[in-house]
file input-v6.pdb (PDB, C-alpha atoms)
ATOM      1  CA  MET A  16       6.403 -20.202 -14.824
ATOM      2  CA  ARG A  17       7.672 -18.524 -11.693
ATOM      3  CA  PHE A  18      11.219 -18.907 -12.979
ATOM      4  CA  GLN A  19      10.203 -17.273 -16.272
ATOM      5  CA  VAL A  20       8.870 -14.250 -14.373
ATOM      6  CA  GLN A  21      12.013 -13.982 -12.230
ATOM      7  CA  TYR A  22      14.220 -14.326 -15.279
ATOM      8  CA  ALA A  23      12.219 -11.677 -17.149
ATOM      9  CA  ARG A  24      12.462  -9.264 -14.200
ATOM     10  CA  ALA A  25      16.237  -9.778 -14.153
ATOM     11  CA  LEU A  26      16.375  -9.001 -17.879
ATOM     12  CA  ILE A  27      14.256  -5.871 -17.355
ATOM     13  CA  SER A  28      16.590  -4.645 -14.625
ATOM     14  CA  THR A  29      19.471  -4.796 -17.113
ATOM     15  CA  GLY A  30      17.513  -2.947 -19.813
ATOM     16  CA  ARG A  31      16.825  -6.031 -21.926
ATOM     17  CA  SER A  32      13.048  -5.586 -22.218
ATOM     18  CA  ARG A  33      12.677  -7.275 -25.602
ATOM     19  CA  GLU A  34      14.337 -10.432 -24.289
ATOM     20  CA  ALA A  35      12.173 -10.205 -21.168
ATOM     21  CA  VAL A  36       9.011 -10.282 -23.284
ATOM     22  CA  VAL A  37      10.195 -13.422 -25.042
ATOM     23  CA  ALA A  38      10.864 -15.029 -21.662
ATOM     24  CA  ILE A  39       7.613 -13.997 -20.018
ATOM     25  CA  GLN A  40       5.027 -14.043 -22.828
ATOM     26  CA  PRO A  41       4.332 -17.815 -22.642
ATOM     27  CA  ALA A  42       3.596 -17.585 -18.911
ATOM     28  CA  ALA A  43       1.357 -14.558 -19.431
ATOM     29  CA  ASP A  44      -0.509 -16.280 -22.270
ATOM     30  CA  ALA A  45      -0.979 -19.329 -20.019
ATOM     31  CA  GLY A  46      -2.727 -17.095 -17.471
ATOM     32  CA  TYR A  47       0.009 -16.735 -14.859
ATOM     33  CA  PRO A  48      -0.918 -13.484 -13.048
ATOM     34  CA  SER A  49       2.623 -12.441 -12.099
ATOM     35  CA  ALA A  50       3.648 -12.649 -15.737
ATOM     36  CA  GLN A  51       0.570 -10.716 -16.841
ATOM     37  CA  THR A  52       1.288  -8.010 -14.284
ATOM     38  CA  ALA A  53       4.938  -7.790 -15.339
ATOM     39  CA  LEU A  54       3.925  -7.378 -18.987
ATOM     40  CA  GLY A  55       1.458  -4.688 -17.982
ATOM     41  CA  GLU A  56       4.188  -2.893 -16.042
ATOM     42  CA  MET A  57       6.522  -2.995 -19.055
ATOM     43  CA  HIS A  58       3.832  -1.514 -21.317
ATOM     44  CA  ALA A  59       2.938   1.126 -18.714
ATOM     45  CA  ALA A  60       6.584   2.139 -18.358
ATOM     46  CA  GLY A  61       7.164   2.375 -22.104
ATOM     47  CA  GLN A  62       9.824  -0.329 -22.018
ATOM     48  CA  LEU A  63       8.472  -2.055 -25.116
ATOM     49  CA  ASP A  64       8.363   0.960 -27.413
ATOM     50  CA  ALA A  65      11.464   2.072 -29.302
ATOM     51  CA  CYS A  66      10.752   5.687 -28.295
ATOM     52  CA  GLY A  67       9.790   4.835 -24.705
ATOM     53  CA  LYS A  68       6.121   5.683 -25.265
ATOM     54  CA  THR A  69       3.753   4.156 -22.723
ATOM     55  CA  ASP A  70       0.904   1.932 -23.850
ATOM     56  CA  LEU A  71      -1.658   2.155 -21.062
ATOM     57  CA  ASN A  72      -4.367   0.402 -23.059
ATOM     58  CA  THR A  73      -2.290  -2.755 -23.440
ATOM     59  CA  ALA A  74      -1.028  -2.419 -19.876
ATOM     60  CA  THR A  75      -4.615  -2.168 -18.646
ATOM     61  CA  THR A  76      -5.554  -5.332 -20.532
ATOM     62  CA  TRP A  77      -2.775  -7.281 -18.789
ATOM     63  CA  PHE A  78      -3.547  -5.737 -15.382
ATOM     64  CA  ARG A  79      -7.230  -6.658 -15.742
ATOM     65  CA  LEU A  80      -6.423 -10.254 -16.673
ATOM     66  CA  ALA A  81      -4.240 -10.641 -13.600
ATOM     67  CA  GLY A  82      -6.705  -8.650 -11.471
ATOM     68  CA  ASP A  83      -9.507 -11.014 -12.457
ATOM     69  CA  GLN A  84      -7.462 -13.637 -10.630
ATOM     70  CA  ALA A  85      -7.303 -11.379  -7.533
ATOM     71  CA  HIS A  86      -3.556 -10.794  -8.003
ATOM     72  CA  PRO A  87      -2.819  -7.953  -5.538
ATOM     73  CA  PRO A  88      -0.093  -6.137  -7.521
ATOM     74  CA  ALA A  89      -2.333  -6.027 -10.601
ATOM     75  CA  LEU A  90      -5.269  -4.767  -8.545
ATOM     76  CA  VAL A  91      -3.075  -1.986  -7.141
ATOM     77  CA  HIS A  92      -2.282  -0.924 -10.721
ATOM     78  CA  VAL A  93      -5.954  -1.060 -11.741
ATOM     79  CA  ALA A  94      -6.936   1.051  -8.721
ATOM     80  CA  ALA A  95      -4.279   3.639  -9.611
ATOM     81  CA  LEU A  96      -5.581   3.828 -13.177
ATOM     82  CA  GLN A  97      -9.134   4.226 -11.868
ATOM     83  CA  SER A  98      -8.039   7.011  -9.510
ATOM     84  CA  ASP A  99      -6.146   8.851 -12.226
ATOM     85  CA  SER A 100      -8.655   8.372 -15.068
ATOM     86  CA  LYS A 101      -6.114   6.529 -17.208
ATOM     87  CA  GLY A 102      -6.064   3.330 -19.241
ATOM     88  CA  GLY A 103      -9.628   3.800 -20.416
ATOM     89  CA  PHE A 104     -11.087   4.210 -16.941
ATOM     90  CA  ALA A 105     -13.289   7.105 -15.906
ATOM     91  CA  ARG A 106     -12.042   8.707 -12.693
ATOM     92  CA  SER A 107     -13.732   6.985  -9.786
ATOM     93  CA  ASP A 108     -12.558   6.915  -6.196
ATOM     94  CA  ASN A 109     -15.377   4.473  -5.427
ATOM     95  CA  ASP A 110     -14.197   2.011  -8.091
ATOM     96  CA  ALA A 111     -10.575   2.383  -6.977
ATOM     97  CA  ALA A 112     -11.550   1.707  -3.357
ATOM     98  CA  SER A 113     -13.626  -1.296  -4.396
ATOM     99  CA  THR A 114     -10.701  -2.676  -6.406
ATOM    100  CA  LEU A 115      -8.293  -2.202  -3.493
ATOM    101  CA  ARG A 116     -10.675  -4.055  -1.158
ATOM    102  CA  LYS A 117     -10.105  -7.147  -3.310
ATOM    103  CA  ALA A 118      -6.319  -6.863  -3.091
ATOM    104  CA  PRO A 119      -5.093  -6.679   0.509
ATOM    105  CA  GLU A 120      -4.396 -10.258   1.286
ATOM    106  CA  PRO A 121      -1.824 -10.932   3.980
ATOM    107  CA  GLY A 122       1.607 -10.411   2.582
ATOM    108  CA  HIS A 123       0.851  -7.552   0.198
ATOM    109  CA  PRO A 124       1.759  -4.404   2.151
ATOM    110  CA  PRO A 125       1.382  -1.919  -0.735
ATOM    111  CA  ALA A 126      -2.292  -2.810  -1.189
ATOM    112  CA  GLN A 127      -2.898  -2.756   2.553
ATOM    113  CA  THR A 128      -1.275   0.663   2.806
ATOM    114  CA  LEU A 129      -3.152   2.154  -0.141
ATOM    115  CA  LEU A 130      -6.449   0.918   1.259
ATOM    116  CA  ARG A 131      -5.585   2.469   4.606
ATOM    117  CA  GLN A 132      -4.900   5.782   2.905
ATOM    118  CA  ARG A 133      -8.372   5.625   1.376
ATOM    119  CA  PHE A 134      -9.886   4.991   4.815
ATOM    120  CA  ALA A 135      -7.940   7.935   6.240
ATOM    121  CA  SER A 136      -8.880  10.310   3.427
ATOM    122  CA  GLY A 137     -12.442   9.103   2.891
ATOM    123  CA  LYS A 138     -11.830   8.687  -0.851
ATOM    124  CA  GLY A 139     -14.311   6.141  -2.152
ATOM    125  CA  MET A 140     -15.340   4.995   1.327
ATOM    126  CA  PRO A 141     -16.397   6.506   4.634
ATOM    127  CA  ARG A 142     -13.470   8.020   6.530
ATOM    128  CA  SER A 143     -12.332   5.758   9.352
ATOM    129  CA  TYR A 144      -8.978   6.176  11.051
ATOM    130  CA  GLU A 145      -9.642   3.032  13.071
ATOM    131  CA  ASN A 146      -9.987   0.948   9.900
ATOM    132  CA  ALA A 147      -6.941   2.716   8.517
ATOM    133  CA  GLY A 148      -4.879   1.619  11.502
ATOM    134  CA  ASN A 149      -6.155  -1.937  11.170
ATOM    135  CA  TRP A 150      -4.834  -2.104   7.601
ATOM    136  CA  TYR A 151      -1.524  -0.380   8.360
ATOM    137  CA  THR A 152      -0.541  -2.681  11.191
ATOM    138  CA  PRO A 153      -0.020  -5.898   9.173
ATOM    139  CA  ALA A 154       1.856  -3.998   6.452
ATOM    140  CA  ALA A 155       3.966  -2.209   9.070
ATOM    141  CA  ASN A 156       4.749  -5.493  10.836
ATOM    142  CA  ALA A 157       5.816  -6.905   7.461
ATOM    143  CA  GLY A 158       8.476  -4.189   7.249
ATOM    144  CA  TYR A 159       6.805  -1.934   4.661
ATOM    145  CA  ALA A 160       8.321   1.525   5.275
ATOM    146  CA  ASP A 161       5.311   3.546   4.081
ATOM    147  CA  ALA A 162       2.972   1.665   6.413
ATOM    148  CA  GLN A 163       5.383   2.047   9.329
ATOM    149  CA  PHE A 164       5.593   5.787   8.743
ATOM    150  CA  LEU A 165       1.831   6.230   8.382
ATOM    151  CA  LEU A 166       1.181   4.164  11.512
ATOM    152  CA  ALA A 167       3.616   6.394  13.419
ATOM    153  CA  GLU A 168       1.632   9.414  12.214
ATOM    154  CA  LEU A 169      -1.587   7.874  13.538
ATOM    155  CA  TYR A 170       0.017   7.455  16.961
ATOM    156  CA  GLU A 171       1.431  10.966  16.781
ATOM    157  CA  ARG A 172      -1.963  12.502  16.022
ATOM    158  CA  GLY A 173      -4.165  10.083  17.928
ATOM    159  CA  ARG A 174      -6.249   9.213  14.864
ATOM    160  CA  GLY A 175      -8.036   5.893  15.258
ATOM    161  CA  VAL A 176      -5.653   4.984  18.089
ATOM    162  CA  THR A 177      -4.796   6.503  21.448
ATOM    163  CA  LYS A 178      -1.953   9.014  21.199
ATOM    164  CA  ASP A 179       1.144   7.145  22.274
ATOM    165  CA  LYS A 180       4.634   8.661  22.132
ATOM    166  CA  ALA A 181       6.298   5.298  22.735
ATOM    167  CA  GLU A 182       4.476   3.614  19.813
ATOM    168  CA  GLU A 183       5.048   6.707  17.681
ATOM    169  CA  ALA A 184       8.786   6.500  18.378
ATOM    170  CA  ILE A 185       8.911   2.769  17.631
ATOM    171  CA  TRP A 186       7.192   3.147  14.264
ATOM    172  CA  TYR A 187       9.124   6.251  13.204
ATOM    173  CA  ALA A 188      12.366   4.440  14.084
ATOM    174  CA  LYS A 189      11.339   1.325  12.149
ATOM    175  CA  SER A 190      10.295   3.375   9.126
ATOM    176  CA  HIS A 191      13.617   5.211   9.297
ATOM    177  CA  GLU A 192      15.495   1.886   9.391
ATOM    178  CA  SER A 193      13.399   0.731   6.411
ATOM    179  CA  GLY A 194      14.472   3.803   4.470
ATOM    180  CA  HIS A 195      11.401   6.050   4.559
ATOM    181  CA  PRO A 196      12.543   9.520   3.466
ATOM    182  CA  ASP A 197      10.369  11.449   5.973
ATOM    183  CA  ALA A 198      10.941   9.294   9.049
ATOM    184  CA  ALA A 199      13.890  11.323  10.329
ATOM    185  CA  ALA A 200      11.666  14.412  10.520
ATOM    186  CA  GLY A 201       9.136  12.398  12.549
ATOM    187  CA  LEU A 202      11.870  11.307  14.938
ATOM    188  CA  ARG A 203      13.017  14.912  15.378
ATOM    189  CA  ARG A 204       9.474  15.939  16.375
ATOM    190  CA  LEU A 205       9.508  13.526  19.329
TER     191      LEU A 205
END

call {"tool": "encode", "arguments": {"input": "input-v6.pdb", "output": "structure tokens"}}
result
Amino acid sequence: MRFQVQYARALISTGRSREAVVAIQPAADAGYPSAQTALGEMHAAGQLDACGKTDLNTATTWFRLAGDQAHPPALVHVAALQSDSKGGFARSDNDAASTLRKAPEPGHPPAQTLLRQRFASGKGMPRSYENAGNWYTPAANAGYADAQFLLAELYERGRGVTKDKAEEAIWYAKSHESGHPDAAAGLRRL
């Protein structure tokens, strides 16, 4: 099934969405969460409609099926839909935060980073820069540019961590190397 998902993603990248569905549908129907998430992403992006129209209701169905299996990428999509009041969800920062709490397993930096942003902003949970830093660190160490940049900002501002120019410089440099678009500005501020 993993091969089917990889093959389908390769087809999608070349604009062959219809062929990708044929390749991935059996894995999705069998309950494979990566396949379900990929189908949801195709529906959400409008890749399966001749006019490019998105189908968030179908996408949400696939994301929920994969999310019920605690698949982090699907849970990130569900949380985004909850935050934006899309896909049949009422807008709820609390629900989005609760969904993201289920997702950040080791090795999924986007979920870790999004949860950290919720801690930092206080959306759907009490504001806690310390908790934010705790979630950024594993994602930053995994090479996720957004987490590296946001961790550098914490060190720059002294939020949840002691202000530390050396750590700030390290994380801005790493985020710059990882391609974060705002990291160069952070480095210039040093």

call {"tool": "residues_around", "arguments": {"input": "input-v6.pdb", "residues": "Arg79 of chain A", "least_positions_apart": "3", "cutoff": "8 Å", "atoms": "only C-alpha atoms", "output": "PyMOL selection string"}}
result
chain A and resi 75-76+82-83+89-90+93

call {"tool": "write_last_selection", "arguments": {"input": "input-v6.pdb", "atoms": "C-alpha atoms", "output": "PDB file, keeping the file's coordinate frame"}}
result
ATOM      1  CA  THR A  75      -4.615  -2.168 -18.646  1.00  0.00           C
ATOM      2  CA  THR A  76      -5.554  -5.332 -20.532  1.00  0.00           C
ATOM      3  CA  GLY A  82      -6.705  -8.650 -11.471  1.00  0.00           C
ATOM      4  CA  ASP A  83      -9.507 -11.014 -12.457  1.00  0.00           C
ATOM      5  CA  ALA A  89      -2.333  -6.027 -10.601  1.00  0.00           C
ATOM      6  CA  LEU A  90      -5.269  -4.767  -8.545  1.00  0.00           C
ATOM      7  CA  VAL A  93      -5.954  -1.060 -11.741  1.00  0.00           C
TER       8      VAL A  93
END

call {"tool": "closest_residue", "arguments": {"input": "input-v6.pdb", "among": "A:Glu192, A:Gly137, A:Ile39, A:Glu183", "to": "Gln21 of chain A", "atoms": "all atoms listed in the file"}}
result
A:Ile39

call {"tool": "residues_around", "arguments": {"input": "input-v6.pdb", "residues": "Ala94 of chain A", "least_positions_apart": "5", "cutoff": "9 Å", "atoms": "all atoms listed in the file", "output": "count of residues only"}}
result
9

call {"tool": "closest_residue", "arguments": {"input": "input-v6.pdb", "among": "A:Lys117, A:Gln62, A:Leu80, A:Lys68", "to": "Asp44 of chain A", "atoms": "all atoms listed in the file"}}
result
A:Leu80

call {"tool": "resolve_selection", "arguments": {"input": "input-v6.pdb", "expression": "the PyMOL selection byres ((chain A and resi 160) around 9)", "output": "list in words"}}
result
Ala154, Ala155, Gly158, Tyr159, Asp161, Ala162, Gln163, Phe164, Leu165, Lys189, Ser190, His191, Glu192, Ser193, Gly194 and His195 of chain A

call {"tool": "write_last_selection", "arguments": {"input": "input-v6.pdb", "atoms": "C-alpha atoms", "output": "PDB file, in the frame of the given file"}}
result
ATOM      1  CA  ALA A 154       1.856  -3.998   6.452  1.00  0.00           C
ATOM      2  CA  ALA A 155       3.966  -2.209   9.070  1.00  0.00           C
ATOM      3  CA  GLY A 158       8.476  -4.189   7.249  1.00  0.00           C
ATOM      4  CA  TYR A 159       6.805  -1.934   4.661  1.00  0.00           C
ATOM      5  CA  ASP A 161       5.311   3.546   4.081  1.00  0.00           C
ATOM      6  CA  ALA A 162       2.972   1.665   6.413  1.00  0.00           C
ATOM      7  CA  GLN A 163       5.383   2.047   9.329  1.00  0.00           C
ATOM      8  CA  PHE A 164       5.593   5.787   8.743  1.00  0.00           C
ATOM      9  CA  LEU A 165       1.831   6.230   8.382  1.00  0.00           C
ATOM     10  CA  LYS A 189      11.339   1.325  12.149  1.00  0.00           C
ATOM     11  CA  SER A 190      10.295   3.375   9.126  1.00  0.00           C
ATOM     12  CA  HIS A 191      13.617   5.211   9.297  1.00  0.00           C
ATOM     13  CA  GLU A 192      15.495   1.886   9.391  1.00  0.00           C
ATOM     14  CA  SER A 193      13.399   0.731   6.411  1.00  0.00           C
ATOM     15  CA  GLY A 194      14.472   3.803   4.470  1.00  0.00           C
ATOM     16  CA  HIS A 195      11.401   6.050   4.559  1.00  0.00           C
TER      17      HIS A 195
END

call {"tool": "resolve_selection", "arguments": {"input": "input-v6.pdb", "expression": "the PyMOL selection byres ((chain A and resi 71) around 9)", "output": "PyMOL selection string"}}
result
chain A and resi 55+58-61+69-70+72-76+96+101-103

call {"tool": "closest_residue", "arguments": {"input": "input-v6.pdb", "among": "A:Ala181, A:Phe78, A:Ala167, A:Ala23", "to": "Ala199 of chain A", "atoms": "only C-alpha atoms"}}
result
A:Ala167

call {"tool": "atom_distance", "arguments": {"input": "input-v6.pdb", "atom1": "atom CA of Pro88 of chain A", "atom2": "atom CA of Ala65 of chain A"}}
result
26.0 Å

call {"tool": "residues_near_point", "arguments": {"input": "input-v6.pdb", "point": "(9.9, -5.2, -20.2)", "cutoff": "9 Å", "atoms": "all atoms listed in the file", "output": "PDB file with C-alpha atoms, keeping the file's coordinate frame"}}
result
ATOM      1  CA  ALA A  23      12.219 -11.677 -17.149  1.00  0.00           C
ATOM      2  CA  ARG A  24      12.462  -9.264 -14.200  1.00  0.00           C
ATOM      3  CA  LEU A  26      16.375  -9.001 -17.879  1.00  0.00           C
ATOM      4  CA  ILE A  27      14.256  -5.871 -17.355  1.00  0.00           C
ATOM      5  CA  SER A  28      16.590  -4.645 -14.625  1.00  0.00           C
ATOM      6  CA  GLY A  30      17.513  -2.947 -19.813  1.00  0.00           C
ATOM      7  CA  ARG A  31      16.825  -6.031 -21.926  1.00  0.00           C
ATOM      8  CA  SER A  32      13.048  -5.586 -22.218  1.00  0.00           C
ATOM      9  CA  ARG A  33      12.677  -7.275 -25.602  1.00  0.00           C
ATOM     10  CA  GLU A  34      14.337 -10.432 -24.289  1.00  0.00           C
ATOM     11  CA  ALA A  35      12.173 -10.205 -21.168  1.00  0.00           C
ATOM     12  CA  VAL A  36       9.011 -10.282 -23.284  1.00  0.00           C
ATOM     13  CA  ALA A  53       4.938  -7.790 -15.339  1.00  0.00           C
ATOM     14  CA  LEU A  54       3.925  -7.378 -18.987  1.00  0.00           C
ATOM     15  CA  GLY A  55       1.458  -4.688 -17.982  1.00  0.00           C
ATOM     16  CA  GLU A  56       4.188  -2.893 -16.042  1.00  0.00           C
ATOM     17  CA  MET A  57       6.522  -2.995 -19.055  1.00  0.00           C
ATOM     18  CA  HIS A  58       3.832  -1.514 -21.317  1.00  0.00           C
ATOM     19  CA  ALA A  60       6.584   2.139 -18.358  1.00  0.00           C
ATOM     20  CA  GLY A  61       7.164   2.375 -22.104  1.00  0.00           C
ATOM     21  CA  GLN A  62       9.824  -0.329 -22.018  1.00  0.00           C
ATOM     22  CA  LEU A  63       8.472  -2.055 -25.116  1.00  0.00           C
TER      23      LEU A  63
END

call {"tool": "closest_residue", "arguments": {"input": "input-v6.pdb", "among": "A:Leu205, A:Val91, A:Ala105, A:Ile185", "to": "Thr128 of chain A", "atoms": "only C-alpha atoms"}}
result
A:Val91

call {"tool": "residues_around", "arguments": {"input": "input-v6.pdb", "residues": "Arg204 of chain A", "least_positions_apart": "2", "cutoff": "12 Å", "atoms": "only C-alpha atoms", "output": "NGL selection string"}}
result
:A and (167-168 or 171-172 or 180 or 183-184 or 187 or 197-202)

call {"tool": "residues_around", "arguments": {"input": "input-v6.pdb", "residues": "segment 130-135 of chain A", "least_positions_apart": "2", "cutoff": "6 Å", "atoms": "only C-alpha atoms", "output": "ChimeraX atom specification"}}
result
/A:115,127-128,137-138,142-144,147,150

call {"tool": "atom_distance", "arguments": {"input": "input-v6.pdb", "atom1": "atom CA of Thr52 of chain A", "atom2": "atom CA of Trp77 of chain A"}}
result
6.1 Å

call {"tool": "atom_distance", "arguments": {"input": "input-v6.pdb", "atom1": "atom CA of Val176 of chain A", "atom2": "atom CA of Pro87 of chain A"}}
result
27.1 Å

call {"tool": "closest_residue", "arguments": {"input": "input-v6.pdb", "among": "A:Trp186, A:Ser107, A:His86, A:Gln97", "to": "His123 of chain A", "atoms": "only C-alpha atoms"}}
result
A:His86
